[in-house]
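Colleague: Dropping in work.csv, with CSV, C-alpha atoms and all ligand atoms.
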chain,number,residue,atom,x,y,z
A,12,MET,CA,45.0,77.3,54.0
A,13,TYR,CA,45.0,80.7,55.6
A,14,THR,CA,46.2,84.0,54.1
A,15,ILE,CA,47.8,86.3,56.6
A,16,THR,CA,49.7,89.6,56.1
A,17,LEU,CA,53.3,89.5,57.2
A,18,VAL,CA,55.4,92.6,58.0
A,19,PRO,CA,58.9,91.5,59.0
A,20,GLY,CA,59.8,95.0,60.0
A,21,ASP,CA,63.4,96.2,60.6
A,22,GLY,CA,66.3,95.8,63.1
A,23,ILE,CA,65.9,92.3,64.5
A,24,GLY,CA,62.4,92.0,62.9
A,25,PRO,CA,63.4,89.9,59.9
A,26,GLU,CA,65.4,87.5,62.0
A,27,VAL,CA,62.6,86.8,64.6
A,28,THR,CA,59.9,86.8,61.9
A,29,GLU,CA,61.8,84.1,59.9
A,30,ALA,CA,62.2,82.1,63.0
A,31,THR,CA,58.5,82.4,63.8
A,32,CYS,CA,57.3,81.4,60.3
A,33,LYS,CA,59.5,78.2,60.6
A,34,VAL,CA,57.9,77.3,64.0
A,35,ILE,CA,54.3,77.9,62.7
A,36,ALA,CA,55.1,75.7,59.7
A,37,ALA,CA,56.5,73.0,62.0
A,38,ALA,CA,53.2,73.1,64.0
A,39,GLY,CA,51.4,72.0,60.8
A,40,VAL,CA,49.4,75.2,60.1
A,41,ASN,CA,49.4,76.0,56.4
A,42,ILE,CA,49.6,79.8,55.9
A,43,ARG,CA,50.1,81.8,52.7
A,44,TRP,CA,51.9,84.9,53.8
A,45,GLU,CA,51.3,88.2,52.0
A,46,ARG,CA,54.7,89.7,52.8
A,47,PHE,CA,55.5,93.5,52.9
A,48,GLU,CA,59.1,94.5,53.5
A,49,GLU,CA,58.7,98.2,52.6
A,50,VAL,CA,57.5,99.6,55.8
A,51,GLY,CA,59.0,102.3,58.1
A,52,TYR,CA,62.3,103.7,56.8
A,53,ALA,CA,62.2,101.2,53.9
A,54,GLY,CA,58.7,102.4,53.0
A,55,ILE,CA,59.9,106.0,53.0
A,56,GLU,CA,62.9,105.1,50.8
A,57,LYS,CA,61.0,102.9,48.2
A,58,GLN,CA,57.5,104.3,48.2
A,59,GLY,CA,57.7,107.7,49.9
A,60,GLN,CA,55.5,106.7,52.9
A,61,PRO,CA,56.2,104.7,56.1
A,62,LEU,CA,52.9,102.7,56.0
A,63,PRO,CA,52.0,102.2,52.3
A,64,ASP,CA,48.3,101.7,51.6
A,65,GLU,CA,48.9,98.2,50.1
A,66,VAL,CA,49.9,97.0,53.6
A,67,LEU,CA,46.7,98.4,55.2
A,68,ASN,CA,44.6,97.0,52.4
A,69,SER,CA,46.1,93.6,52.8
A,70,ILE,CA,45.4,93.6,56.6
A,71,HIS,CA,41.8,94.8,55.9
A,72,ARG,CA,41.4,92.0,53.4
A,73,ASN,CA,43.0,89.2,55.6
A,74,ARG,CA,41.9,90.6,58.9
A,75,LEU,CA,45.0,89.1,60.4
A,76,ALA,CA,48.7,90.2,60.4
A,77,LEU,CA,51.9,89.0,62.0
A,78,LYS,CA,54.3,91.9,62.5
A,79,GLY,CA,57.9,92.4,63.5
A,80,PRO,CA,59.1,95.6,65.1
A,81,VAL,CA,59.4,98.8,63.0
A,82,THR,CA,61.8,101.5,64.1
A,83,THR,CA,60.3,104.8,65.1
A,84,PRO,CA,62.6,107.8,64.7
A,85,VAL,CA,63.1,109.6,68.0
A,86,GLY,CA,62.0,113.3,68.1
A,87,GLY,CA,61.3,114.3,64.5
A,88,GLY,CA,60.8,112.1,61.4
A,89,PHE,CA,57.8,110.1,60.4
A,90,ARG,CA,55.0,109.1,62.8
A,91,SER,CA,55.3,105.7,64.5
A,92,VAL,CA,54.1,103.0,62.1
A,93,ASN,CA,53.1,100.9,65.1
A,94,VAL,CA,50.8,103.6,66.5
A,95,SER,CA,49.4,104.5,63.0
A,96,LEU,CA,48.5,100.9,62.3
A,97,ARG,CA,46.7,100.6,65.6
A,98,GLN,CA,44.7,103.7,65.0
A,99,LYS,CA,44.0,103.2,61.3
A,100,LEU,CA,42.7,99.7,61.9
A,101,ASP,CA,41.1,100.7,65.2
A,102,LEU,CA,42.9,98.0,67.1
A,103,PHE,CA,41.8,99.2,70.5
A,104,VAL,CA,43.1,96.3,72.7
A,105,ASN,CA,46.7,95.7,73.3
A,106,LEU,CA,47.0,92.4,75.1
A,107,ARG,CA,50.3,91.5,76.8
A,108,PRO,CA,50.6,88.4,78.9
A,109,CYS,CA,53.7,88.3,81.1
A,110,LYS,CA,54.5,84.9,82.5
A,111,ARG,CA,57.9,83.5,83.5
A,112,LEU,CA,59.4,80.6,81.6
A,113,PRO,CA,61.2,77.8,83.4
A,114,GLY,CA,64.9,78.5,84.2
A,115,ILE,CA,64.5,82.3,84.1
A,116,LYS,CA,65.8,83.6,87.4
A,117,THR,CA,63.6,86.3,88.9
A,118,PRO,CA,62.8,87.2,92.5
A,119,PHE,CA,59.1,86.5,91.8
A,120,PRO,CA,58.8,83.1,90.0
A,121,ASP,CA,55.0,83.0,90.3
A,122,THR,CA,54.4,86.3,88.4
A,123,ASP,CA,51.6,85.7,85.9
A,124,LEU,CA,50.2,89.0,84.7
A,125,VAL,CA,48.0,90.0,81.8
A,126,ILE,CA,47.9,93.7,80.7
A,127,PHE,CA,45.1,95.2,78.7
A,128,ARG,CA,46.4,98.5,77.3
A,129,GLU,CA,44.0,100.9,75.6
A,130,ASN,CA,45.7,101.2,72.2
A,131,THR,CA,44.2,104.1,70.2
A,132,GLU,CA,43.8,107.2,72.3
A,133,GLY,CA,45.2,108.9,75.5
A,134,LEU,CA,48.6,110.6,75.1
A,135,TYR,CA,49.2,108.7,71.8
A,136,SER,CA,46.1,110.2,70.1
A,137,GLY,CA,48.5,112.1,67.8
A,138,ILE,CA,47.0,115.4,68.6
A,139,GLU,CA,50.2,117.5,68.9
A,140,SER,CA,51.1,121.0,68.1
A,141,TYR,CA,54.0,123.4,68.4
A,142,ASP,CA,53.5,127.2,68.8
A,143,GLU,CA,56.6,128.7,67.2
A,144,ARG,CA,56.0,132.2,68.6
A,145,LEU,CA,55.5,131.1,72.2
A,146,GLU,CA,57.7,128.0,71.9
A,147,ILE,CA,55.2,125.8,73.5
A,148,ALA,CA,54.6,122.1,72.6
A,149,ASP,CA,51.3,120.4,73.3
A,150,SER,CA,50.4,116.7,73.2
A,151,ILE,CA,46.8,116.1,74.0
A,152,ALA,CA,45.8,113.1,76.1
A,153,ARG,CA,42.3,112.6,74.7
A,154,ILE,CA,40.3,109.9,76.5
A,155,THR,CA,36.8,109.2,75.3
A,156,ARG,CA,33.9,107.5,77.1
A,157,ARG,CA,33.4,105.0,74.2
A,158,GLY,CA,37.2,104.3,74.1
A,159,SER,CA,37.3,103.6,77.8
A,160,GLN,CA,34.1,101.5,77.8
A,161,ARG,CA,35.3,99.2,75.0
A,162,ILE,CA,38.7,98.4,76.4
A,163,LEU,CA,37.3,97.9,79.9
A,164,ARG,CA,34.5,95.7,78.7
A,165,TYR,CA,36.9,93.6,76.7
A,166,ALA,CA,39.2,93.2,79.8
A,167,PHE,CA,36.3,92.2,82.0
A,168,GLU,CA,35.0,89.7,79.4
A,169,TRP,CA,38.5,88.2,78.9
A,170,VAL,CA,39.0,87.8,82.7
A,171,THR,CA,35.7,86.1,83.0
A,172,ALA,CA,36.2,83.8,80.0
A,173,ASN,CA,39.7,82.8,81.0
A,174,GLN,CA,38.8,82.1,84.6
A,175,ARG,CA,41.2,84.7,86.0
A,176,ARG,CA,40.4,86.2,89.4
A,177,ARG,CA,41.2,89.9,89.6
A,178,LEU,CA,41.3,93.0,87.4
A,179,THR,CA,43.1,96.2,88.6
A,180,ALA,CA,42.4,99.4,86.7
A,181,VAL,CA,45.4,101.8,86.7
A,182,HIS,CA,44.9,105.5,86.4
A,183,LYS,CA,46.1,108.9,87.6
A,184,ALA,CA,42.7,110.4,88.5
A,185,ASN,CA,44.0,112.3,91.4
A,186,VAL,CA,45.9,114.7,89.1
A,187,LEU,CA,44.5,114.0,85.6
A,188,LYS,CA,41.1,114.3,87.0
A,189,LEU,CA,39.1,114.7,83.8
A,190,SER,CA,40.9,112.3,81.4
A,191,THR,CA,41.9,109.4,83.5
A,192,GLY,CA,39.1,110.3,85.9
A,193,LEU,CA,36.7,109.4,83.0
A,194,PHE,CA,38.5,106.1,82.6
A,195,LEU,CA,38.2,105.3,86.3
A,196,GLU,CA,34.5,106.3,86.4
A,197,GLU,CA,33.8,103.9,83.5
A,198,ALA,CA,35.9,101.1,85.2
A,199,ARG,CA,33.9,101.4,88.4
A,200,SER,CA,30.6,101.4,86.6
A,201,ILE,CA,31.4,98.4,84.3
A,202,ALA,CA,32.7,96.5,87.3
A,203,GLN,CA,29.2,96.3,88.6
A,204,ASP,CA,28.2,94.1,85.7
A,205,TYR,CA,30.9,91.6,86.7
A,206,PRO,CA,30.4,90.6,90.3
A,207,GLY,CA,32.5,87.5,89.8
A,208,VAL,CA,35.6,89.5,89.1
A,209,GLN,CA,37.5,91.0,92.0
A,210,PHE,CA,37.9,94.6,90.8
A,211,ASP,CA,40.1,97.3,92.3
A,212,HIS,CA,42.1,100.3,91.1
A,213,LEU,CA,45.4,101.9,91.8
A,214,ILE,CA,47.2,105.1,90.9
A,215,VAL,CA,49.9,104.5,88.3
A,216,ASP,CA,52.9,105.5,90.4
A,217,ASN,CA,51.8,103.3,93.3
A,218,MET,CA,51.2,100.5,90.8
A,219,ALA,CA,54.7,100.8,89.5
A,220,MET,CA,56.1,100.4,93.0
A,221,GLN,CA,53.8,97.6,93.9
A,222,LEU,CA,54.7,95.7,90.8
A,223,VAL,CA,58.3,95.8,91.7
A,224,ILE,CA,57.7,94.8,95.4
A,225,GLN,CA,55.0,92.2,95.0
A,226,PRO,CA,54.1,91.5,91.4
A,227,ASP,CA,52.8,88.0,92.2
A,228,THR,CA,49.8,89.5,94.1
A,229,PHE,CA,48.4,91.0,90.9
A,230,ASP,CA,46.5,89.2,88.2
A,231,CYS,CA,45.1,91.3,85.3
A,232,ILE,CA,45.6,95.0,84.7
A,233,VAL,CA,43.7,97.4,82.5
A,234,THR,CA,44.9,100.9,81.8
A,235,THR,CA,45.3,103.8,79.4
A,236,ASN,CA,47.7,104.0,76.5
A,237,LEU,CA,50.9,105.6,78.0
A,238,PHE,CA,50.6,103.9,81.4
A,239,GLY,CA,50.1,100.5,79.6
A,240,ASP,CA,53.1,101.1,77.4
A,241,ILE,CA,55.4,101.8,80.4
A,242,LEU,CA,53.9,99.2,82.8
A,243,SER,CA,54.1,96.4,80.2
A,244,ASP,CA,57.8,96.9,79.7
A,245,LEU,CA,58.2,96.9,83.5
A,246,CYS,CA,56.2,93.6,83.6
A,247,ALA,CA,58.3,92.2,80.8
A,248,GLY,CA,61.4,92.9,82.9
A,249,LEU,CA,59.8,91.1,85.9
A,250,VAL,CA,59.5,87.8,83.9
A,251,GLY,CA,62.8,87.8,82.0
A,252,GLY,CA,62.9,90.7,79.6
A,253,LEU,CA,61.6,91.9,76.3
A,254,GLY,CA,62.9,88.9,74.5
A,255,ILE,CA,60.2,86.6,75.9
A,256,VAL,CA,57.0,88.6,76.1
A,257,PRO,CA,54.3,88.2,73.4
A,258,GLY,CA,51.6,90.7,72.4
A,259,ALA,CA,48.5,91.2,70.3
A,260,ASN,CA,46.6,94.3,69.0
A,261,ILE,CA,42.9,93.4,68.6
A,262,GLY,CA,40.0,95.3,67.0
A,263,GLU,CA,36.5,94.5,65.8
A,264,ASP,CA,37.6,93.9,62.2
A,265,ALA,CA,41.3,93.0,62.3
A,266,ALA,CA,44.1,91.9,64.6
A,267,VAL,CA,47.8,92.5,64.4
A,268,PHE,CA,50.1,90.2,66.4
A,269,GLU,CA,53.4,91.7,67.4
A,270,ALA,CA,55.9,91.2,70.3
A,271,VAL,CA,56.3,93.8,73.0
A,272,HIS,CA,59.9,94.5,72.1
A,273,GLY,CA,61.2,97.1,69.6
A,274,SER,CA,63.7,96.8,66.7
A,275,ALA,CA,66.7,96.5,69.1
A,276,PRO,CA,69.2,98.0,66.6
A,277,ASP,CA,72.0,97.3,69.1
A,278,ILE,CA,71.8,93.6,68.3
A,279,ALA,CA,70.3,93.5,64.8
A,280,GLY,CA,72.0,91.3,62.2
A,281,GLN,CA,74.1,89.5,64.8
A,282,SER,CA,72.0,86.5,65.3
A,283,LYS,CA,71.6,87.4,69.0
A,284,ALA,CA,67.9,88.2,68.9
A,285,ASN,CA,65.7,86.1,71.1
A,286,PRO,CA,62.8,84.8,68.8
A,287,THR,CA,60.7,83.6,71.8
A,288,ALA,CA,58.6,86.8,72.1
A,289,LEU,CA,57.4,86.6,68.5
A,290,ILE,CA,57.1,82.8,68.6
A,291,ARG,CA,54.8,83.1,71.7
A,292,THR,CA,53.0,85.8,69.8
A,293,SER,CA,52.3,83.4,67.0
A,294,ALA,CA,50.7,81.1,69.6
A,295,LEU,CA,48.3,84.0,70.5
A,296,LEU,CA,47.6,84.4,66.7
A,297,LEU,CA,46.8,80.7,66.3
A,298,HIS,CA,44.5,80.7,69.4
A,299,HIS,CA,42.8,83.7,67.8
A,300,MET,CA,42.4,81.7,64.6
A,301,GLY,CA,40.9,78.8,66.4
A,302,GLU,CA,44.0,76.6,65.9
A,303,ALA,CA,44.2,75.9,69.6
A,304,GLU,CA,46.0,72.6,69.3
A,305,ALA,CA,48.9,74.1,67.2
A,306,ALA,CA,49.1,77.0,69.6
A,307,MET,CA,49.4,74.7,72.6
A,308,ARG,CA,52.1,72.7,70.7
A,309,ILE,CA,54.2,75.8,70.2
A,310,GLU,CA,53.7,77.0,73.8
A,311,ARG,CA,54.7,73.6,75.2
A,312,ALA,CA,57.8,73.5,72.9
A,313,VAL,CA,58.9,76.9,74.1
A,314,TRP,CA,58.3,75.8,77.7
A,315,ARG,CA,60.4,72.7,77.1
A,316,ALA,CA,63.2,74.6,75.4
A,317,TYR,CA,63.5,76.8,78.5
A,318,ALA,CA,63.2,73.9,80.9
A,319,GLU,CA,66.1,72.2,79.1
A,320,GLY,CA,68.0,75.5,78.9
A,321,THR,CA,70.6,74.2,76.4
A,322,SER,CA,69.6,76.4,73.4
A,323,LEU,CA,68.9,79.8,74.7
A,324,THR,CA,70.0,83.2,73.4
A,325,PRO,CA,72.4,85.4,75.4
A,326,ASP,CA,69.6,87.8,76.8
A,327,VAL,CA,68.2,84.8,78.8
A,328,GLY,CA,71.6,83.5,79.9
A,329,GLY,CA,72.5,81.1,77.0
A,330,THR,CA,75.0,81.1,74.2
A,331,ALA,CA,72.8,80.0,71.3
A,332,SER,CA,72.2,82.0,68.1
A,333,THR,CA,68.7,83.0,67.0
A,334,GLU,CA,68.9,80.1,64.5
A,335,GLY,CA,70.1,77.6,67.1
A,336,MET,CA,67.2,78.4,69.4
A,337,THR,CA,64.7,78.3,66.6
A,338,ASP,CA,65.9,74.9,65.4
A,339,GLU,CA,65.5,73.5,68.9
A,340,ILE,CA,62.0,74.9,69.2
A,341,VAL,CA,61.1,73.5,65.8
A,342,ARG,CA,62.5,70.1,66.9
A,343,LEU,CA,60.4,70.2,70.1
A,344,VAL,CA,57.3,71.2,68.2
A,345,THR,CA,57.8,68.3,65.7
A,346,ASP,CA,58.8,65.9,68.5
A,347,HIS,CA,55.5,66.7,70.2
A,348,CYS,CA,53.6,65.9,67.0
A,349,ALA,CA,55.2,62.4,66.9
A,401,LIG,P1,60.7,100.8,70.9
A,401,LIG,O1,60.8,102.2,71.3
A,401,LIG,O2,60.8,100.5,69.5
A,401,LIG,O3,59.6,100.0,71.6
A,401,LIG,P2,62.5,100.0,73.0
A,401,LIG,O4,63.1,101.3,73.3
A,401,LIG,O5,61.4,99.5,73.9
A,401,LIG,O6,62.0,100.0,71.5
A,401,LIG,P3,63.8,97.7,72.2
A,401,LIG,O7,64.2,97.8,70.8
A,401,LIG,O8,62.7,96.8,72.5
A,401,LIG,O9,63.7,99.1,72.9
A,401,LIG,O10,65.1,97.1,73.0
A,401,LIG,C1,65.4,97.4,74.3
A,401,LIG,C2,66.5,96.5,74.8
A,401,LIG,O11,66.1,95.2,74.9
A,401,LIG,C3,67.6,96.5,73.7
A,401,LIG,O12,68.9,96.9,74.3
A,401,LIG,C4,67.7,95.1,73.2
A,401,LIG,O13,69.0,94.6,73.1
A,401,LIG,C5,66.9,94.3,74.1
A,401,LIG,N1,65.9,93.4,73.4
A,401,LIG,C6,64.8,93.8,72.8
A,401,LIG,N2,64.2,92.8,72.2
A,401,LIG,C7,65.0,91.7,72.3
A,401,LIG,C8,65.1,90.4,71.8
A,401,LIG,N3,64.0,89.9,71.0
A,401,LIG,N4,66.1,89.6,72.1
A,401,LIG,C9,67.1,90.1,72.8
A,401,LIG,N5,67.2,91.3,73.3
A,401,LIG,C10,66.2,92.1,73.0
What would the structure in this file look like if it were written as C-alpha cells?
Modeller:
Amino acid sequence: MYTITLVPGDGIGPEVTEATCKVIAAAGVNIRWERFEEVGYAGIEKQGQPLPDEVLNSIHRNRLALKGPVTTPVGGGFRSVNVSLRQKLDLFVNLRPCKRLPGIKTPFPDTDLVIFRENTEGLYSGIESYDERLEIADSIARITRRGSQRILRYAFEWVTANQRRRLTAVHKANVLKLSTGLFLEEARSIAQDYPGVQFDHLIVDNMAMQLVIQPDTFDCIVTTNLFGDILSDLCAGLVGGLGIVPGANIGEDAAVFEAVHGSAPDIAGQSKANPTALIRTSALLLHHMGEAEAAMRIERAVWRAYAEGTSLTPDVGGTASTEGMTDEIVRLVTDHCA
C-alpha cells in the first residue's frame, strides 16, 4: 500500500482526478490518497493562503503527489500555486512526452517528442518589481549555472537510458546573451560527456517554426522555463491537444505528477473534460514508483480506447462524457488483466 498526496485542483481538476483514481485502482495498485481540496482560490477562502503548509508537508512526507490543475489569477492576485509548488519542492525537471494516439488526425502522425523544461528559474523565478514613480515593471529571468547543469544532465541521462537518439537544446543566446547564453554554454559542455547522443541546438523562434513544419524530425528537447512552457503547449497541439498530453515535475526529494493542461474553466462541470492527459500522467507516476506493469496496462488501455474510437470526449472528435470515456478505459484496463 502506497500513500500519495492528491490535489484535485479546480475547474476540470476534480473531474479528471476522479477518473484517474478509478483507472489506477482498476490497474490493481493500492494507494491511500492524502487528499487536499483547499488549494488555490479554495485555499485562500478557507485557510487564507493558496498553498497551505499542510499540502507541502504531505508531499515532503510522501515524496509523491498527483495533482489536477489549479487556476492562476491573470495579472494580480495570488502567485501561481503550480509555480510555487515547483520552486518550494525544488522540482527542477518538467517532463512532457508528446506522442500521438491512434485515430487522432494530425499532419504528422509520427511525431514523438519529449520535452525537458527547466522548472524553477528563468523568467518564472518570481523576481518581479514595479517602480511606482517611473511606472516600470521588471521580471528578472535568472538562470544559474547549477540550475542549467542539473536539467541538462537529467535530459542527457534520460535520453541515454531510454535509448532515444537526439537531444536539441533550445535557447535565445543571440539576444539574451548572458542568461540563455549560459544555458547554451553548459549544454555544449555537458554534451561532450554523452558522445552517444546526437546533440544540436536551435534558437527558440526557429524551433517554433521547425516544430510546425517538420516536428517528426525532432526527438527530445531541453530548454529553459518560459520557452519550455510555450513549446510544450505547441507540441501538445501537434499530437491532438492539451486533453491528451501527460506531464511530471521531478526533483531530488519529491515528484508531482500533473497534466500539461490548465483548469479549462470554459468546460468545467460539464462532463466534457478529456481525462486522458491525467490518466497518462498516472502511468508516468506508476513508472516512477517502479509499478511498470500497471503503468503499461494503463498505457495500453488508453491506446486501445483511441484505436476503437467509440468512447472519446468532444475535444478529440467523440461524443462521450468524461465518465463514459473513463468507464471504457477502466473496462480495457481490467480486460487486459483477465
Ligand atoms: P493555464 O494558464 O492554467 O495553463 P491554459 O491557458 O493553458 O491554462 P487550459 O485551461 O489548459 O488553458 O485550456 C486551454 C483550452 O484547452 C481550453 O479552451 C480548454 O477547453 C481546452 N482543454 C484543456 N484541457 C482540456 C481537457 N482535459 N479536455 C478538453 N479540453 C481541454
Colleague: Using only C-alpha atoms and all ligand atoms, can you tell me which of A:Leu17, A:Leu297, A:Val92, A:Val208 comes closest to ligand LIG 401 (chain A)?
Modeller: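 Of A:Leu17, A:Leu297, A:Val92, A:Val208, the one nearest ligand LIG 401 (chain A) is A:Val92, counting only C-alpha atoms and all ligand atoms.
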Colleague: Using only C-alpha atoms and all ligand atoms, which protein or nucleic acid residues are at most 9 Å from ligand LIG 401 (chain A), as a ChimeraX atom specification?
Modeller: /A:22-24,27,80-85,93,240,244,252-256,270-279,283-289,324-327,333
Colleague: Store the residues of this selection in a file with C-alpha atoms, as a short mmCIF file (atom, residue, chain, number, x, y, z; two decimals), in the frame of the given file.
Modeller:
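Output file again00.cif is given in full below:
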data_model
loop_
_atom_site.label_atom_id
_atom_site.label_comp_id
_atom_site.auth_asym_id
_atom_site.auth_seq_id
_atom_site.Cartn_x
_atom_site.Cartn_y
_atom_site.Cartn_z
CA GLY A 22 66.30 95.80 63.10
CA ILE A 23 65.90 92.30 64.50
CA GLY A 24 62.40 92.00 62.90
CA VAL A 27 62.60 86.80 64.60
CA PRO A 80 59.10 95.60 65.10
CA VAL A 81 59.40 98.80 63.00
CA THR A 82 61.80 101.50 64.10
CA THR A 83 60.30 104.80 65.10
CA PRO A 84 62.60 107.80 64.70
CA VAL A 85 63.10 109.60 68.00
CA ASN A 93 53.10 100.90 65.10
CA ASP A 240 53.10 101.10 77.40
CA ASP A 244 57.80 96.90 79.70
CA GLY A 252 62.90 90.70 79.60
CA LEU A 253 61.60 91.90 76.30
CA GLY A 254 62.90 88.90 74.50
CA ILE A 255 60.20 86.60 75.90
CA VAL A 256 57.00 88.60 76.10
CA ALA A 270 55.90 91.20 70.30
CA VAL A 271 56.30 93.80 73.00
CA HIS A 272 59.90 94.50 72.10
CA GLY A 273 61.20 97.10 69.60
CA SER A 274 63.70 96.80 66.70
CA ALA A 275 66.70 96.50 69.10
CA PRO A 276 69.20 98.00 66.60
CA ASP A 277 72.00 97.30 69.10
CA ILE A 278 71.80 93.60 68.30
CA ALA A 279 70.30 93.50 64.80
CA LYS A 283 71.60 87.40 69.00
CA ALA A 284 67.90 88.20 68.90
CA ASN A 285 65.70 86.10 71.10
CA PRO A 286 62.80 84.80 68.80
CA THR A 287 60.70 83.60 71.80
CA ALA A 288 58.60 86.80 72.10
CA LEU A 289 57.40 86.60 68.50
CA THR A 324 70.00 83.20 73.40
CA PRO A 325 72.40 85.40 75.40
CA ASP A 326 69.60 87.80 76.80
CA VAL A 327 68.20 84.80 78.80
CA THR A 333 68.70 83.00 67.00
#
Colleague: Which residues come within 9 Å of segment 220-230 of chain A, counting only C-alpha atoms, excluding same-chain residues fewer than 3 positions away, as a list of chain:residue names?
Modeller: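 Counting only the stated atoms, we get A:Phe119, A:Pro120, A:Asp121, A:Thr122, A:Asp123, A:Leu124, A:Val125, A:Ile126, A:Arg175, A:Arg176, A:Arg177, A:Leu178, A:Thr179, A:Val215, A:Asp216, A:Asn217, A:Leu242, A:Leu245, A:Cys246, A:Leu249.
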Colleague: For segment 207-323 of chain A versus segment 31-44 of chain A, which residues have an atom no more than 10 Å away, and what is each residue's nearest atom pair and distance in Å rounded to one decimal, using all atoms listed in the file, chain-then-number order, as JSON lines?
Modeller:
{"residue": "A:Pro286", "atom": "CA", "partner": "A:Thr31", "partner_atom": "CA", "distance": 7.0}
{"residue": "A:Thr287", "atom": "CA", "partner": "A:Thr31", "partner_atom": "CA", "distance": 8.4}
{"residue": "A:Ala288", "atom": "CA", "partner": "A:Thr31", "partner_atom": "CA", "distance": 9.4}
{"residue": "A:Leu289", "atom": "CA", "partner": "A:Thr31", "partner_atom": "CA", "distance": 6.4}
{"residue": "A:Ile290", "atom": "CA", "partner": "A:Thr31", "partner_atom": "CA", "distance": 5.0}
{"residue": "A:Arg291", "atom": "CA", "partner": "A:Thr31", "partner_atom": "CA", "distance": 8.8}
{"residue": "A:Thr292", "atom": "CA", "partner": "A:Thr31", "partner_atom": "CA", "distance": 8.8}
{"residue": "A:Ser293", "atom": "CA", "partner": "A:Thr31", "partner_atom": "CA", "distance": 7.0}
{"residue": "A:Ala294", "atom": "CA", "partner": "A:Ile35", "partner_atom": "CA", "distance": 8.4}
{"residue": "A:Leu297", "atom": "CA", "partner": "A:Val40", "partner_atom": "CA", "distance": 8.7}
{"residue": "A:Glu302", "atom": "CA", "partner": "A:Val40", "partner_atom": "CA", "distance": 8.0}
{"residue": "A:Glu304", "atom": "CA", "partner": "A:Ala38", "partner_atom": "CA", "distance": 9.0}
{"residue": "A:Ala305", "atom": "CA", "partner": "A:Ala38", "partner_atom": "CA", "distance": 5.5}
{"residue": "A:Ala306", "atom": "CA", "partner": "A:Ala38", "partner_atom": "CA", "distance": 8.0}
{"residue": "A:Met307", "atom": "CA", "partner": "A:Ala38", "partner_atom": "CA", "distance": 9.5}
{"residue": "A:Arg308", "atom": "CA", "partner": "A:Ala38", "partner_atom": "CA", "distance": 6.8}
{"residue": "A:Ile309", "atom": "CA", "partner": "A:Ala38", "partner_atom": "CA", "distance": 6.8}
{"residue": "A:Ala312", "atom": "CA", "partner": "A:Val34", "partner_atom": "CA", "distance": 9.7}
Colleague: Show me, as a PyMOL selection string, the residues that have an atom within 12 Å of segment 62-64 of chain A when counting only C-alpha atoms, minus same-chain residues fewer than 4 positions from it.
Modeller: chain A and resi 18+20+47-58+68-71+81+83+89-97+99-100
Colleague: Using all atoms listed in the file, find the one residue out of A:Pro25, A:Glu168, A:Thr191, A:Ala180 that sits nearest to Arg153 of chain A.
Modeller: A:Thr191
